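One structure below.
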Amino acid sequence: MFWRVFAANAAILIVGTLALVVYPGPLHEHRALFDLAVVISALLVMVVVNGLLLRRLFRPLERLAERMETADVLRGGQRVPVVSAGEIGALERTFNGMLDRLERERRNAAAHALRAQEAERVRLARGLHDEVGQSMTAVLLQLKRLTAGASPEQRSRLAEAQEVVKTSLEDVRRIAQELRPELLDHLGLASALAELASSFEQRTRVHVQRRLARDLPSLDPQAELILYRVTQESLTNVARHAEASRVMLSLERGQRSVVLRVIDNGHGFDPEHVEGGGLRGIRERALIAGGAVAIEPGPEGGVEVRLEVPTETA
């Protein structure tokens with residue numbers, strides 16, 4: 001648009017100047033190199049001034065168009081500075097208002113989906129613990145009774161069956177714990193994250209260095225759950241993609257906030273690569289909690305996930 005308007009104005013100026021030059025009159029009769037130089041210089045000055053004025057006028061529109069192309073409601077704070085007057089300023093304010101509404105609607109929809117998801121997790125965890133777990137415990141007790149009157153060969157086989165049942169029972173308990181972390185309700189966020197890190201180490205053999213502060217400010221239960229789920233998703237991404245040997249997990253007090261950091265020493269990721277569902281899920285949970293998340297290359301070549309969640313008093 002800028003170049004079209006600029007070209008039209010420049011064409012009008014050039015045509016007008018040429019009309020003055022070729023029009024028969026005093027200028028035609030006394031034409032000289034000096035007169036032509038003055039006319040051409042004036043023309044150049046008018047074209048340059050016209051271009052500068054139009055560039056200043058159209059720059060806010062270009063900035064708004066650039067922001068429209070890159071706007072993402074999961075990356076909060078992407079607002080256009082309202083620095084223009086008149087219709088362009090009104091357009092900037094309207095765009096910012098639209099982003100506010102989109103973020104608010106996305107936050108409400110994501111919070112509703114999260115509540116439904118967590119309710120389903122609780123139901124599944126209770127079913128695994130109360131039904132599957134109890135059934136497997138009953139099978140284990142029955143195998144122990146059979147062992148008492150069995151022959152040595154049968155006892156060996158029954159012992160193997162008991163070990164299989166015990167392993168399966170531990171897996172069921174672990175899955176139920178991951179679906180609904182009871183430690184989060186009873187012992188707090190730091191203890192739940194410590195248990196999550198220990199379980200991750202046992203499964204993956206990846207060392208987790210912990211820096212979990214205990215004297216954290218008060219957090220909303222939903223915010224604590226979001227911090228737990230973001231840690232869980234980050235560790236899952238490390239296990240699946242990073243090929244890391246070490247992870248640093250920290251939970252610290254910020255300025256009227258709590259800051260979670262998960263840093264691995266894996267092979268990292270391409271910043272230009274489109275984010276997958278896991279990272280988008282982390283950004284969506286940060287939006288629900290009203291926090292700020294950064295997913296960047298780590299200091300040792302891996303990935304750093306940093307989530308800052310405001311406290312209840314913030």
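A note on labels: chains of the structure tokens are A, B, ... as shown, every chain counts residues from 1, and ligands are counted from 1 in their shown order.
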
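Within 12 Å of Arg256 in chain A, once only C-alpha atoms are used and residues closer than 3 positions along the same chain are dropped, the contacting residues are Leu216, Pro217, Ser218, Leu219, Glu252, Arg253, Val259, Gly291, Glu308, Val309, Pro310, Thr311, Glu312, Thr313 and Ala314 of chain A.
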
Could you give me, as a PDB file with C-alpha atoms, in the first residue's frame, the residues within 6 Å of Ile263 in chain A, counting only C-alpha atoms and dropping anything in the same chain fewer than 2 positions from it?
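Dumped everything to out-v7.pdb:
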```
ATOM      1  CA  VAL A 247      18.542 -33.034  34.095  1.00  0.00           C
ATOM      2  CA  MET A 248      18.424 -30.113  36.492  1.00  0.00           C
ATOM      3  CA  VAL A 303      16.561 -27.394  26.325  1.00  0.00           C
ATOM      4  CA  GLU A 304      15.476 -25.170  29.188  1.00  0.00           C
TER       5      GLU A 304
END
```

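Among A:Val164, A:Ala125, A:Thr204, A:Asp215, the residue with the shortest atom-to-atom distance to Ala176 in chain A, counting only C-alpha atoms, is A:Ala125.
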
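Note that the spacing between CA of Arg79 in chain A and CA of Ala292 in chain A amounts to 15.0 Å.
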
Note to self: as a PyMOL selection string, please: the residues near range 189-192 of chain A (cut-off 7 Å, only C-alpha atoms, same-chain neighbours under 3 positions excluded).
What the structure shows: chain A and resi 181+183-184+195-196+212-214+224

Margin query: Let's see if you can do this: from backbone DSSP, list all alpha helix (DSSP H) residues in range 86-211 of chain A, as a VMD selection string.
Written below: chain A and resid 86 to 127 133 to 148 152 to 179 182 to 186 189 to 204

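Within range 74-216 of chain A, DSSP run on the backbone puts these residues in strand (DSSP E or B): His207, Val208, Gln209, Arg210, Arg211 and Leu212 of chain A.
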
Checklist line | Long-range neighbours of Arg283 in chain A as a count of residues only, 9 Å cut-off, only C-alpha atoms, 3 positions minimum in chain | finding: 11

Might you pull out every residue within 8 Å of Leu64 in chain A, with only C-alpha atoms counted and same-chain residues fewer than 4 positions away left off, and present them as a PDB file with all heavy atoms, in the first residue's frame?
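Final output, out00.pdb:
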```pdb
ATOM      1  N   PRO A  60       3.148   2.369  11.151  1.00  0.00           N
ATOM      2  CA  PRO A  60       2.301   1.651  12.123  1.00  0.00           C
ATOM      3  C   PRO A  60       1.457   0.545  11.491  1.00  0.00           C
ATOM      4  O   PRO A  60       1.249  -0.511  12.102  1.00  0.00           O
ATOM      5  CB  PRO A  60       1.422   2.768  12.709  1.00  0.00           C
ATOM      6  CG  PRO A  60       2.214   4.002  12.514  1.00  0.00           C
ATOM      7  CD  PRO A  60       2.931   3.824  11.226  1.00  0.00           C
ATOM      8  N   MET A  68       0.205  -9.215  13.234  1.00  0.00           N
ATOM      9  CA  MET A  68      -0.907 -10.099  12.889  1.00  0.00           C
ATOM     10  C   MET A  68      -0.413 -11.429  12.353  1.00  0.00           C
ATOM     11  O   MET A  68      -1.000 -12.483  12.619  1.00  0.00           O
ATOM     12  CB  MET A  68      -1.813  -9.421  11.860  1.00  0.00           C
ATOM     13  CG  MET A  68      -2.684  -8.317  12.416  1.00  0.00           C
ATOM     14  SD  MET A  68      -3.730  -7.589  11.123  1.00  0.00           S
ATOM     15  CE  MET A  68      -4.725  -6.460  12.105  1.00  0.00           C
ATOM     16  N   VAL A  80       0.541  -4.605  20.221  1.00  0.00           N
ATOM     17  CA  VAL A  80       1.096  -3.545  19.377  1.00  0.00           C
ATOM     18  C   VAL A  80       1.113  -2.253  20.181  1.00  0.00           C
ATOM     19  O   VAL A  80       0.095  -1.888  20.774  1.00  0.00           O
ATOM     20  CB  VAL A  80       0.252  -3.375  18.095  1.00  0.00           C
ATOM     21  CG1 VAL A  80       0.752  -2.192  17.282  1.00  0.00           C
ATOM     22  CG2 VAL A  80       0.288  -4.640  17.266  1.00  0.00           C
ATOM     23  N   GLU A  92      -5.030   0.024  16.131  1.00  0.00           N
ATOM     24  CA  GLU A  92      -4.096  -0.617  17.053  1.00  0.00           C
ATOM     25  C   GLU A  92      -4.792  -1.026  18.344  1.00  0.00           C
ATOM     26  O   GLU A  92      -4.579  -2.140  18.848  1.00  0.00           O
ATOM     27  CB  GLU A  92      -2.937   0.337  17.345  1.00  0.00           C
ATOM     28  CG  GLU A  92      -2.036   0.596  16.146  1.00  0.00           C
ATOM     29  CD  GLU A  92      -1.046   1.721  16.402  1.00  0.00           C
ATOM     30  OE1 GLU A  92      -1.288   2.523  17.344  1.00  0.00           O
ATOM     31  OE2 GLU A  92      -0.049   1.811  15.669  1.00  0.00           O
TER      32      GLU A  92
END
```

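Here CA of Thr94 in chain A is placed at a distance of 24.5 Å from CA of Leu53 in chain A.
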
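Closest to Leu193 in chain A among A:Thr70, A:Gln177, A:Gln162, A:Thr231 is A:Thr231, based on only C-alpha atoms.
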
Note to self: Applying 12 Å and only C-alpha atoms, which residues near Val132 in chain A remain after dropping the ones on its own chain fewer than 5 positions away? List them as a ChimeraX atom specification.
What the structure shows: /A:124-127,137-139,165,168-173,175-176
